[in-house]
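A.B. asks: structure_22.pdb (PDB, C-alpha atoms) pasted underneath:
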MODEL        1
ATOM      1  CA  GLY A  13       4.576  19.480  20.221  1.00  0.00           C
ATOM      2  CA  ASP A  14       5.444  17.125  17.358  1.00  0.00           C
ATOM      3  CA  ILE A  15       8.688  18.806  16.418  1.00  0.00           C
ATOM      4  CA  SER A  16       9.764  19.059  20.072  1.00  0.00           C
ATOM      5  CA  ARG A  17       9.139  15.328  20.418  1.00  0.00           C
ATOM      6  CA  ASN A  18      11.237  14.663  17.301  1.00  0.00           C
ATOM      7  CA  PHE A  19      14.113  16.639  18.802  1.00  0.00           C
ATOM      8  CA  ARG A  20      13.767  14.966  22.196  1.00  0.00           C
ATOM      9  CA  PHE A  21      13.987  11.472  20.720  1.00  0.00           C
ATOM     10  CA  GLY A  22      16.956  12.533  18.581  1.00  0.00           C
ATOM     11  CA  VAL A  23      18.783  13.736  21.687  1.00  0.00           C
ATOM     12  CA  SER A  24      17.866  10.528  23.527  1.00  0.00           C
ATOM     13  CA  ALA A  25      19.370   8.454  20.722  1.00  0.00           C
ATOM     14  CA  ARG A  26      22.609  10.432  20.969  1.00  0.00           C
ATOM     15  CA  ARG A  27      22.832  10.058  24.724  1.00  0.00           C
ATOM     16  CA  ALA A  28      21.851   6.408  25.058  1.00  0.00           C
ATOM     17  CA  ARG A  29      23.506   5.329  21.763  1.00  0.00           C
ATOM     18  CA  TYR A  30      21.307   4.602  18.814  1.00  0.00           C
ATOM     19  CA  LEU A  31      21.028   0.807  19.192  1.00  0.00           C
ATOM     20  CA  ASN A  32      20.096   1.047  22.878  1.00  0.00           C
ATOM     21  CA  VAL A  33      17.093   3.358  22.631  1.00  0.00           C
ATOM     22  CA  TYR A  34      14.445   0.746  21.867  1.00  0.00           C
ATOM     23  CA  GLU A  35      15.722  -1.625  24.559  1.00  0.00           C
ATOM     24  CA  ASN A  36      15.699   1.226  27.081  1.00  0.00           C
ATOM     25  CA  GLN A  37      12.072   1.892  26.197  1.00  0.00           C
ATOM     26  CA  VAL A  38      11.155  -1.727  26.898  1.00  0.00           C
ATOM     27  CA  ARG A  39      13.127  -1.683  30.130  1.00  0.00           C
ATOM     28  CA  ASP A  40      11.773   1.619  31.479  1.00  0.00           C
ATOM     29  CA  ASP A  41       8.220   1.384  30.061  1.00  0.00           C
ATOM     30  CA  PRO A  42       7.720   5.185  29.836  1.00  0.00           C
ATOM     31  CA  GLY A  43       4.366   6.921  29.691  1.00  0.00           C
ATOM     32  CA  ARG A  44       2.443   7.495  26.481  1.00  0.00           C
ATOM     33  CA  ASP A  45       3.993  10.899  25.707  1.00  0.00           C
ATOM     34  CA  ALA A  46       7.523   9.507  26.060  1.00  0.00           C
ATOM     35  CA  LYS A  47       6.833   6.253  24.195  1.00  0.00           C
ATOM     36  CA  LEU A  48       8.998   5.833  21.084  1.00  0.00           C
ATOM     37  CA  ASP A  49       7.050   4.711  18.012  1.00  0.00           C
ATOM     38  CA  TYR A  50       9.601   5.574  15.306  1.00  0.00           C
ATOM     39  CA  PRO A  51      11.031   3.000  12.885  1.00  0.00           C
ATOM     40  CA  PRO A  52      14.855   2.861  12.903  1.00  0.00           C
ATOM     41  CA  LEU A  53      15.684   5.184  10.000  1.00  0.00           C
ATOM     42  CA  ARG A  54      13.198   7.786  11.171  1.00  0.00           C
ATOM     43  CA  LEU A  55      14.911   7.816  14.557  1.00  0.00           C
ATOM     44  CA  ALA A  56      18.309   8.035  12.809  1.00  0.00           C
ATOM     45  CA  THR A  57      17.100  11.094  10.856  1.00  0.00           C
ATOM     46  CA  PHE A  58      16.173  12.961  14.026  1.00  0.00           C
ATOM     47  CA  GLU A  59      19.377  11.845  15.743  1.00  0.00           C
ATOM     48  CA  ILE A  60      21.403  13.435  12.919  1.00  0.00           C
ATOM     49  CA  TRP A  61      19.296  16.595  13.214  1.00  0.00           C
ATOM     50  CA  ALA A  62      19.830  16.722  16.990  1.00  0.00           C
ATOM     51  CA  TRP A  63      23.580  16.240  16.455  1.00  0.00           C
ATOM     52  CA  TRP A  64      23.625  19.180  14.027  1.00  0.00           C
ATOM     53  CA  MET A  65      21.615  21.397  16.362  1.00  0.00           C
ATOM     54  CA  GLN A  66      23.834  20.674  19.328  1.00  0.00           C
ATOM     55  CA  ARG A  67      26.918  21.507  17.281  1.00  0.00           C
ATOM     56  CA  GLN A  68      25.433  24.770  16.000  1.00  0.00           C
ATOM     57  CA  PHE A  69      23.690  25.762  19.250  1.00  0.00           C
ATOM     58  CA  PRO A  70      25.647  24.194  22.150  1.00  0.00           C
ATOM     59  CA  ALA A  71      23.486  25.915  24.780  1.00  0.00           C
ATOM     60  CA  ALA A  72      20.203  24.661  23.331  1.00  0.00           C
ATOM     61  CA  ARG A  73      18.342  22.107  25.426  1.00  0.00           C
ATOM     62  CA  HIS A  74      14.964  22.268  23.664  1.00  0.00           C
ATOM     63  CA  TRP A  75      13.674  22.913  20.176  1.00  0.00           C
ATOM     64  CA  SER A  76      13.096  26.564  19.317  1.00  0.00           C
ATOM     65  CA  PRO A  77      10.730  27.961  16.651  1.00  0.00           C
ATOM     66  CA  LYS A  78      13.587  29.998  15.190  1.00  0.00           C
ATOM     67  CA  TYR A  79      14.125  29.153  11.522  1.00  0.00           C
ATOM     68  CA  GLU A  80      17.799  28.293  12.068  1.00  0.00           C
ATOM     69  CA  PHE A  81      16.853  25.389  14.348  1.00  0.00           C
ATOM     70  CA  THR A  82      14.653  23.666  11.801  1.00  0.00           C
ATOM     71  CA  ALA A  83      16.396  24.712   8.560  1.00  0.00           C
ATOM     72  CA  PRO A  84      18.196  21.366   7.957  1.00  0.00           C
ATOM     73  CA  LEU A  85      14.941  19.437   8.411  1.00  0.00           C
ATOM     74  CA  LEU A  86      13.069  21.789   6.075  1.00  0.00           C
ATOM     75  CA  ASN A  87      15.748  21.363   3.409  1.00  0.00           C
ATOM     76  CA  TYR A  88      15.457  17.593   3.818  1.00  0.00           C
ATOM     77  CA  TYR A  89      11.661  17.773   3.510  1.00  0.00           C
ATOM     78  CA  ASN A  90      11.911  19.978   0.425  1.00  0.00           C
ATOM     79  CA  THR A  91      14.326  17.510  -1.182  1.00  0.00           C
ATOM     80  CA  LEU A  92      11.934  14.609  -0.551  1.00  0.00           C
ATOM     81  CA  GLU A  93       9.052  16.668  -1.930  1.00  0.00           C
ATOM     82  CA  PHE A  94      11.027  17.439  -5.089  1.00  0.00           C
ATOM     83  CA  LEU A  95      11.925  13.757  -5.550  1.00  0.00           C
ATOM     84  CA  ALA A  96       8.249  12.785  -5.173  1.00  0.00           C
ATOM     85  CA  CYS A  97       7.191  15.352  -7.775  1.00  0.00           C
ATOM     86  CA  LEU A  98       9.945  14.202 -10.130  1.00  0.00           C
ATOM     87  CA  ALA A  99       8.739  10.602  -9.811  1.00  0.00           C
ATOM     88  CA  ALA A 100       5.142  11.674 -10.546  1.00  0.00           C
ATOM     89  CA  MET A 101       6.342  13.478 -13.675  1.00  0.00           C
ATOM     90  CA  LEU A 102       8.331  10.449 -14.888  1.00  0.00           C
ATOM     91  CA  ILE A 103       5.410   8.081 -14.231  1.00  0.00           C
ATOM     92  CA  VAL A 104       3.179  10.207 -16.473  1.00  0.00           C
ATOM     93  CA  LEU A 105       5.862  10.360 -19.182  1.00  0.00           C
ATOM     94  CA  THR A 106       6.369   6.590 -19.011  1.00  0.00           C
ATOM     95  CA  TRP A 107       2.668   5.813 -19.407  1.00  0.00           C
ATOM     96  CA  LEU A 108       2.172   8.368 -22.194  1.00  0.00           C
ATOM     97  CA  ARG A 109       4.983   6.773 -24.180  1.00  0.00           C
ATOM     98  CA  ARG A 110       3.593   3.276 -23.598  1.00  0.00           C
ATOM     99  CA  CYS A 111       0.090   4.259 -24.656  1.00  0.00           C
ATOM    100  CA  ASP A 112       1.465   5.988 -27.725  1.00  0.00           C
ATOM    101  CA  ARG A 113       3.601   2.998 -28.666  1.00  0.00           C
ATOM    102  CA  ASP A 114       1.198   0.150 -27.910  1.00  0.00           C
ATOM    103  CA  GLU A 115      -1.783   1.565 -29.836  1.00  0.00           C
ATOM    104  CA  LEU A 116      -4.083   1.268 -26.849  1.00  0.00           C
ATOM    105  CA  PRO A 117      -7.468   3.062 -26.753  1.00  0.00           C
ATOM    106  CA  LEU A 118      -5.709   5.889 -24.930  1.00  0.00           C
ATOM    107  CA  GLY A 119      -2.918   5.840 -27.460  1.00  0.00           C
ATOM    108  CA  GLU A 120      -3.600   9.159 -29.109  1.00  0.00           C
ATOM    109  CA  LYS A 121      -0.650  10.467 -31.041  1.00  0.00           C
ATOM    110  CA  LEU A 122       0.981  13.001 -28.771  1.00  0.00           C
ATOM    111  CA  SER A 123       3.430  15.598 -29.820  1.00  0.00           C
ATOM    112  CA  PRO A 124       6.596  15.702 -27.691  1.00  0.00           C
ATOM    113  CA  ARG A 125       5.459  19.076 -26.369  1.00  0.00           C
ATOM    114  CA  SER A 126       2.059  17.866 -25.134  1.00  0.00           C
ATOM    115  CA  GLY A 127       3.645  14.897 -23.355  1.00  0.00           C
ATOM    116  CA  VAL A 128       6.079  17.148 -21.501  1.00  0.00           C
ATOM    117  CA  ILE A 129       3.287  19.573 -20.571  1.00  0.00           C
ATOM    118  CA  ARG A 130       1.171  16.786 -19.056  1.00  0.00           C
ATOM    119  CA  ALA A 131       4.160  15.474 -17.138  1.00  0.00           C
ATOM    120  CA  MET A 132       4.925  18.951 -15.827  1.00  0.00           C
ATOM    121  CA  LEU A 133       1.298  19.292 -14.741  1.00  0.00           C
ATOM    122  CA  ALA A 134       1.704  16.151 -12.645  1.00  0.00           C
ATOM    123  CA  PHE A 135       4.832  17.694 -11.089  1.00  0.00           C
ATOM    124  CA  ALA A 136       3.041  20.985 -10.380  1.00  0.00           C
ATOM    125  CA  LEU A 137      -0.135  19.423  -8.971  1.00  0.00           C
ATOM    126  CA  LEU A 138       1.898  17.555  -6.365  1.00  0.00           C
ATOM    127  CA  TRP A 139       4.345  20.391  -5.645  1.00  0.00           C
ATOM    128  CA  PHE A 140       1.578  22.954  -5.051  1.00  0.00           C
ATOM    129  CA  ASP A 141      -0.790  20.590  -3.237  1.00  0.00           C
ATOM    130  CA  PRO A 142      -1.863  22.488  -0.071  1.00  0.00           C
ATOM    131  CA  GLY A 143      -1.317  19.521   2.238  1.00  0.00           C
ATOM    132  CA  VAL A 144       2.155  18.880   0.851  1.00  0.00           C
ATOM    133  CA  GLN A 145       3.010  22.563   1.159  1.00  0.00           C
ATOM    134  CA  ILE A 146       1.983  22.638   4.810  1.00  0.00           C
ATOM    135  CA  ILE A 147       3.901  19.541   5.911  1.00  0.00           C
ATOM    136  CA  SER A 148       6.954  20.311   3.771  1.00  0.00           C
ATOM    137  CA  HIS A 149       7.361  24.033   4.355  1.00  0.00           C
ATOM    138  CA  GLY A 150       5.173  25.167   7.244  1.00  0.00           C
ATOM    139  CA  TRP A 151       4.522  22.399   9.769  1.00  0.00           C
ATOM    140  CA  PRO A 152       7.221  19.761   9.232  1.00  0.00           C
ATOM    141  CA  SER A 153       5.657  16.317   9.517  1.00  0.00           C
ATOM    142  CA  PRO A 154       7.209  12.935   8.638  1.00  0.00           C
ATOM    143  CA  ASN A 155       3.863  11.903   7.141  1.00  0.00           C
ATOM    144  CA  MET A 156       5.050  13.196   3.764  1.00  0.00           C
ATOM    145  CA  TRP A 157       8.165  11.010   3.842  1.00  0.00           C
ATOM    146  CA  ALA A 158       6.146   8.116   2.431  1.00  0.00           C
ATOM    147  CA  MET A 159       5.473   9.854  -0.905  1.00  0.00           C
ATOM    148  CA  PRO A 160       8.881   9.763  -2.646  1.00  0.00           C
ATOM    149  CA  PHE A 161       9.621   6.166  -1.662  1.00  0.00           C
ATOM    150  CA  TYR A 162       6.231   4.913  -2.848  1.00  0.00           C
ATOM    151  CA  LEU A 163       6.244   6.843  -6.135  1.00  0.00           C
ATOM    152  CA  TRP A 164       9.817   5.876  -6.993  1.00  0.00           C
ATOM    153  CA  ALA A 165       9.047   2.231  -6.211  1.00  0.00           C
ATOM    154  CA  VAL A 166       6.095   2.370  -8.642  1.00  0.00           C
ATOM    155  CA  LEU A 167       8.275   4.023 -11.281  1.00  0.00           C
ATOM    156  CA  LEU A 168      11.066   1.456 -10.893  1.00  0.00           C
ATOM    157  CA  CYS A 169       8.513  -1.344 -11.283  1.00  0.00           C
ATOM    158  CA  LEU A 170       7.277   0.269 -14.503  1.00  0.00           C
ATOM    159  CA  TRP A 171      10.896   0.251 -15.693  1.00  0.00           C
ATOM    160  CA  ASP A 172      11.172  -3.445 -14.674  1.00  0.00           C
ATOM    161  CA  PHE A 173      13.657  -2.838 -11.841  1.00  0.00           C
ATOM    162  CA  TRP A 174      11.675  -4.861  -9.320  1.00  0.00           C
ATOM    163  CA  PHE A 175      14.585  -5.730  -7.030  1.00  0.00           C
ATOM    164  CA  VAL A 176      15.626  -2.066  -6.764  1.00  0.00           C
ATOM    165  CA  ALA A 177      11.983  -1.118  -6.137  1.00  0.00           C
ATOM    166  CA  GLY A 178      11.987  -3.569  -3.225  1.00  0.00           C
ATOM    167  CA  VAL A 179      15.121  -1.926  -1.841  1.00  0.00           C
ATOM    168  CA  VAL A 180      13.499   1.519  -2.095  1.00  0.00           C
ATOM    169  CA  MET A 181      10.347   0.322  -0.332  1.00  0.00           C
ATOM    170  CA  GLY A 182      12.435  -1.399   2.349  1.00  0.00           C
ATOM    171  CA  ILE A 183      14.232   1.866   3.089  1.00  0.00           C
ATOM    172  CA  GLY A 184      10.933   3.759   2.996  1.00  0.00           C
ATOM    173  CA  ALA A 185       9.249   1.374   5.439  1.00  0.00           C
ATOM    174  CA  MET A 186      12.150   1.850   7.844  1.00  0.00           C
ATOM    175  CA  VAL A 187      11.711   5.626   7.504  1.00  0.00           C
ATOM    176  CA  GLN A 188       7.905   5.805   7.655  1.00  0.00           C
ATOM    177  CA  GLY A 189       6.059   2.714   8.814  1.00  0.00           C
ATOM    178  CA  GLN A 190       2.784   3.584   7.038  1.00  0.00           C
ATOM    179  CA  LEU A 191       4.368   2.343   3.806  1.00  0.00           C
ATOM    180  CA  MET A 192       3.802  -1.185   5.085  1.00  0.00           C
ATOM    181  CA  LEU A 193       0.068  -0.613   4.475  1.00  0.00           C
ATOM    182  CA  VAL A 194       0.645  -0.521   0.687  1.00  0.00           C
ATOM    183  CA  SER A 195       3.550  -2.980   0.443  1.00  0.00           C
ATOM    184  CA  ALA A 196       1.194  -5.826  -0.544  1.00  0.00           C
ATOM    185  CA  LEU A 197       0.444  -3.944  -3.787  1.00  0.00           C
ATOM    186  CA  PHE A 198       3.920  -4.771  -5.107  1.00  0.00           C
ATOM    187  CA  MET A 199       3.308  -8.480  -4.572  1.00  0.00           C
ATOM    188  CA  LEU A 200      -0.264  -8.562  -5.935  1.00  0.00           C
ATOM    189  CA  TRP A 201       0.496  -6.415  -9.006  1.00  0.00           C
ATOM    190  CA  PRO A 202       2.892  -8.905 -10.687  1.00  0.00           C
ATOM    191  CA  LEU A 203       1.001 -11.957  -9.418  1.00  0.00           C
ATOM    192  CA  PHE A 204      -2.257 -10.805 -11.043  1.00  0.00           C
ATOM    193  CA  GLY A 205      -0.221  -9.949 -14.137  1.00  0.00           C
ATOM    194  CA  GLY A 206       1.083 -13.510 -14.356  1.00  0.00           C
ATOM    195  CA  ARG A 207       4.694 -12.549 -13.548  1.00  0.00           C
ATOM    196  CA  PRO A 208       5.489 -14.230 -10.198  1.00  0.00           C
ATOM    197  CA  SER A 209       9.239 -13.844 -10.734  1.00  0.00           C
ATOM    198  CA  ARG A 210       8.829 -10.072 -10.463  1.00  0.00           C
ATOM    199  CA  ALA A 211       7.095 -10.472  -7.109  1.00  0.00           C
ATOM    200  CA  MET A 212       9.986 -12.632  -5.928  1.00  0.00           C
ATOM    201  CA  ARG A 213      12.554 -10.059  -7.069  1.00  0.00           C
ATOM    202  CA  TRP A 214      10.690  -7.297  -5.232  1.00  0.00           C
ATOM    203  CA  ALA A 215      10.378  -9.407  -2.082  1.00  0.00           C
ATOM    204  CA  ALA A 216      14.099 -10.209  -2.196  1.00  0.00           C
ATOM    205  CA  GLY A 217      15.055  -6.523  -2.376  1.00  0.00           C
ATOM    206  CA  PHE A 218      12.589  -5.580   0.371  1.00  0.00           C
ATOM    207  CA  SER A 219      13.676  -8.397   2.720  1.00  0.00           C
ATOM    208  CA  LEU A 220      17.395  -7.809   2.181  1.00  0.00           C
ATOM    209  CA  THR A 221      17.075  -4.083   2.933  1.00  0.00           C
ATOM    210  CA  PHE A 222      14.889  -4.730   5.968  1.00  0.00           C
ATOM    211  CA  MET A 223      17.465  -7.185   7.321  1.00  0.00           C
ATOM    212  CA  LEU A 224      20.411  -4.843   6.752  1.00  0.00           C
ATOM    213  CA  VAL A 225      18.681  -1.988   8.581  1.00  0.00           C
ATOM    214  CA  VAL A 226      17.898  -4.109  11.657  1.00  0.00           C
ATOM    215  CA  SER A 227      21.159  -6.081  11.540  1.00  0.00           C
ATOM    216  CA  GLY A 228      22.666  -3.984  14.341  1.00  0.00           C
ATOM    217  CA  TRP A 229      20.095  -5.372  16.769  1.00  0.00           C
ATOM    218  CA  MET A 230      20.315  -8.872  15.288  1.00  0.00           C
ATOM    219  CA  VAL A 231      24.063  -9.341  15.788  1.00  0.00           C
ATOM    220  CA  THR A 232      24.643  -7.432  19.051  1.00  0.00           C
ATOM    221  CA  GLN A 233      23.190  -7.505  22.537  1.00  0.00           C
ATOM    222  CA  ARG A 234      23.688  -6.005  25.993  1.00  0.00           C
ATOM    223  CA  PRO A 235      24.599  -8.546  28.665  1.00  0.00           C
ATOM    224  CA  ASP A 236      23.156  -6.151  31.239  1.00  0.00           C
ATOM    225  CA  MET A 237      20.184  -4.001  30.234  1.00  0.00           C
ATOM    226  CA  TYR A 238      21.458  -1.230  32.524  1.00  0.00           C
ATOM    227  CA  LEU A 239      24.815  -0.980  30.747  1.00  0.00           C
ATOM    228  CA  PRO A 240      25.242   0.776  27.378  1.00  0.00           C
ATOM    229  CA  GLU A 241      28.031  -1.507  26.080  1.00  0.00           C
ATOM    230  CA  ARG A 242      27.033  -4.092  23.490  1.00  0.00           C
ATOM    231  CA  VAL A 243      28.738  -7.347  22.509  1.00  0.00           C
ATOM    232  CA  MET A 244      28.543  -9.424  19.356  1.00  0.00           C
ATOM    233  CA  LYS A 245      26.125 -12.348  19.218  1.00  0.00           C
ATOM    234  CA  TRP A 246      28.301 -14.724  17.219  1.00  0.00           C
ATOM    235  CA  THR A 247      25.581 -17.373  17.045  1.00  0.00           C
ATOM    236  CA  ALA A 248      23.336 -14.889  15.249  1.00  0.00           C
ATOM    237  CA  VAL A 249      26.185 -13.903  12.939  1.00  0.00           C
ATOM    238  CA  ARG A 250      26.761 -17.562  11.976  1.00  0.00           C
ATOM    239  CA  TRP A 251      23.052 -18.125  11.289  1.00  0.00           C
ATOM    240  CA  ILE A 252      22.875 -15.029   9.095  1.00  0.00           C
ATOM    241  CA  VAL A 253      25.967 -15.993   7.114  1.00  0.00           C
ATOM    242  CA  ALA A 254      24.655 -19.541   6.670  1.00  0.00           C
ATOM    243  CA  SER A 255      21.277 -18.263   5.525  1.00  0.00           C
TER     244      SER A 255
ENDMDL
END
Show me, as structure tokens, the structure contained in the file I just sent.

C.D. replies:
Amino acid sequence: GDISRNFRFGVSARRARYLNVYENQVRDDPGRDAKLDYPPLRLATFEIWAWWMQRQFPAARHWSPKYEFTAPLLNYYNTLEFLACLAAMLIVLTWLRRCDRDELPLGEKLSPRSGVIRAMLAFALLWFDPGVQIISHGWPSPNMWAMPFYLWAVLLCLWDFWFVAGVVMGIGAMVQGQLMLVSALFMLWPLFGGRPSRAMRWAAGFSLTFMLVVSGWMVTQRPDMYLPERVMKWTAVRWIVAS
């Protein structure tokens, strides 16, 4: 059911044109099963998948459980899973080096080998986690899309790239909306640490990315909600440029 719904919304975005889908939903007020609750980049992901499927299988009108239908999505999921595991490994390495350098209570002298082994354990624990295995390889679910964006944002903050971390979280929130539930962490973390400028850098990256993703709806509109053609809203463009 879930994967069929993903495909159906992807096809709808191709037919109605990507920017029109949400407005069509408001106009038509479909039932619960047909209600679109995807953030923009999640919808774009399934639109690209639907485009690929229709090119490879022109006669297909519905999703099929054949592996060939879902292979591109599974490869995408596996890539995100690998990136999440890589971030977990680098987070462990970063903290081990800090503890070793700063002579903290946890700052036991580690040999290079033991540090790498612990980092690889972090990688393996996430890679072989049963839940991650199921939703990455067996029952594709966008719920796991939040992991790489969150972990890489944490890692970039540890490396003091707060603006880039905000960009990563902005993209992630537009892919999987549940990331908004933990976005406050990246504001509270530097504020409690007495570094408000870091919070501002993160907020700037997050806000800029958010705005760029939704800019298509901000600067265009449909004069008639029953027509697919869009026109530029020059007043909005001027306000954005001025801001």

A.B. asks: With distances taken over only C-alpha atoms, which residue among A:Ala100, A:Val194, A:Met65, A:Ile183 lies nearest Pro84 in chain A?

C.D. replies: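 Residue with the minimum atom-to-atom distance to Pro84 in chain A: A:Met65.
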
A.B. asks: With distances taken over all atoms listed in the file, which residue among A:Leu53, A:Pro77, A:Gly150, A:Trp171 lies nearest Ile103 in chain A?

C.D. replies: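 Answer, going by the shortest atom-to-atom distance: A:Trp171.
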
A.B. asks: Spell out the residues picked by the PyMOL selection byres ((chain A and resi 26) around 12) here, as a ChimeraX atom specification.

C.D. replies: /A:19-25,27-33,55-66,240

A.B. asks: Skip Thr106 in chain A itself and residues of its chain fewer than 6 positions away, then list as a PyMOL selection string all residues within 12 Å of it, counting all atoms listed in the file.

C.D. replies: chain A and resi 99-100+112-113+127-128+130-131+166-172

A.B. asks: Would you mind reading off the distance between CA of Met212 in chain A and CA of Gly178 in chain A, one decimal, in Å?

C.D. replies: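 Separation of CA of Met212 in chain A and CA of Gly178 in chain A: 9.7 Å.
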
A.B. asks: Between A:Ala136, A:Pro154, A:Lys245, A:Thr91, which is the closest to Gly189 in chain A once you count all atoms listed in the file?

C.D. replies: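 Closest residue, counting all atoms listed in the file: A:Pro154.
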
A.B. asks: Show which residues sit within 12 Å of Gly217 in chain A, as a VMD selection string. Count only C-alpha atoms, and ignore same-chain residues fewer than 2 positions away.

C.D. replies: chain A and resid 165 173 to 183 198 210 to 215 219 to 224

A.B. asks: Restricting it to C-alpha atoms, dump the selection as a short mmCIF file (atom, residue, chain, number, x, y, z; two decimals), in the coordinates of the input.

C.D. replies:
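This went into selection.cif:
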data_model
loop_
_atom_site.label_atom_id
_atom_site.label_comp_id
_atom_site.auth_asym_id
_atom_site.auth_seq_id
_atom_site.Cartn_x
_atom_site.Cartn_y
_atom_site.Cartn_z
CA ALA A 165 9.05 2.23 -6.21
CA PHE A 173 13.66 -2.84 -11.84
CA TRP A 174 11.68 -4.86 -9.32
CA PHE A 175 14.58 -5.73 -7.03
CA VAL A 176 15.63 -2.07 -6.76
CA ALA A 177 11.98 -1.12 -6.14
CA GLY A 178 11.99 -3.57 -3.22
CA VAL A 179 15.12 -1.93 -1.84
CA VAL A 180 13.50 1.52 -2.10
CA MET A 181 10.35 0.32 -0.33
CA GLY A 182 12.44 -1.40 2.35
CA ILE A 183 14.23 1.87 3.09
CA PHE A 198 3.92 -4.77 -5.11
CA ARG A 210 8.83 -10.07 -10.46
CA ALA A 211 7.10 -10.47 -7.11
CA MET A 212 9.99 -12.63 -5.93
CA ARG A 213 12.55 -10.06 -7.07
CA TRP A 214 10.69 -7.30 -5.23
CA ALA A 215 10.38 -9.41 -2.08
CA SER A 219 13.68 -8.40 2.72
CA LEU A 220 17.40 -7.81 2.18
CA THR A 221 17.08 -4.08 2.93
CA PHE A 222 14.89 -4.73 5.97
CA MET A 223 17.46 -7.18 7.32
CA LEU A 224 20.41 -4.84 6.75
#

A.B. asks: Find the residue from A:Cys111, A:Val104, A:Leu200, A:Leu92 that sits nearest to Asn155 in chain A; use only C-alpha atoms when measuring.

C.D. replies: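 Nearest to Asn155 in chain A: A:Leu92.
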
A.B. asks: Separation of CA of Val187 in chain A and CA of Ala158 in chain A, in Å?

C.D. replies: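 A separation of 7.9 Å between them.
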
A.B. asks: Could you tell me, as a PyMOL selection string, exactly which residues end up selected when the PyMOL selection byres ((chain A and resi 135) around 7) is applied to this structure?

C.D. replies: chain A and resi 97-98+100-101+131-134+136-139

A.B. asks: Just to confirm, what's the straight-line distance from CA of Arg17 in chain A to CA of Ser153 in chain A in Å (one decimal)?

C.D. replies: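 CA of Arg17 in chain A sits 11.5 Å away from CA of Ser153 in chain A.
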
A.B. asks: Could you tell me which residues the PyMOL selection byres ((chain A and resi 248) around 12) returns for this structure, as a ChimeraX atom specification?

C.D. replies: /A:227-233,243-247,249-255

A.B. asks: With 8 Å added on each side, what axis-aligned box encloses every listed atom of range 45-54 of chain A? Give the centre and edge lengths in Å to one decimal, as lines of an AutoDock Vina configuration file.

C.D. replies:
center_x = 9.8
center_y = 6.9
center_z = 18.0
size_x = 27.7
size_y = 24.0
size_z = 32.1

A.B. asks: Which residue, A:Trp201, A:Trp164, A:Phe94, A:Tyr89, has the smallest gap to Ile146 in chain A when you use all atoms listed in the file?

C.D. replies: A:Tyr89

A.B. asks: Let me make sure I understand: among A:Asp49, A:Arg39, A:Tyr34, A:Gly206, which one has the smallest atom-to-atom distance to Asp236 in chain A if we use all atoms listed in the file?

C.D. replies: A:Arg39
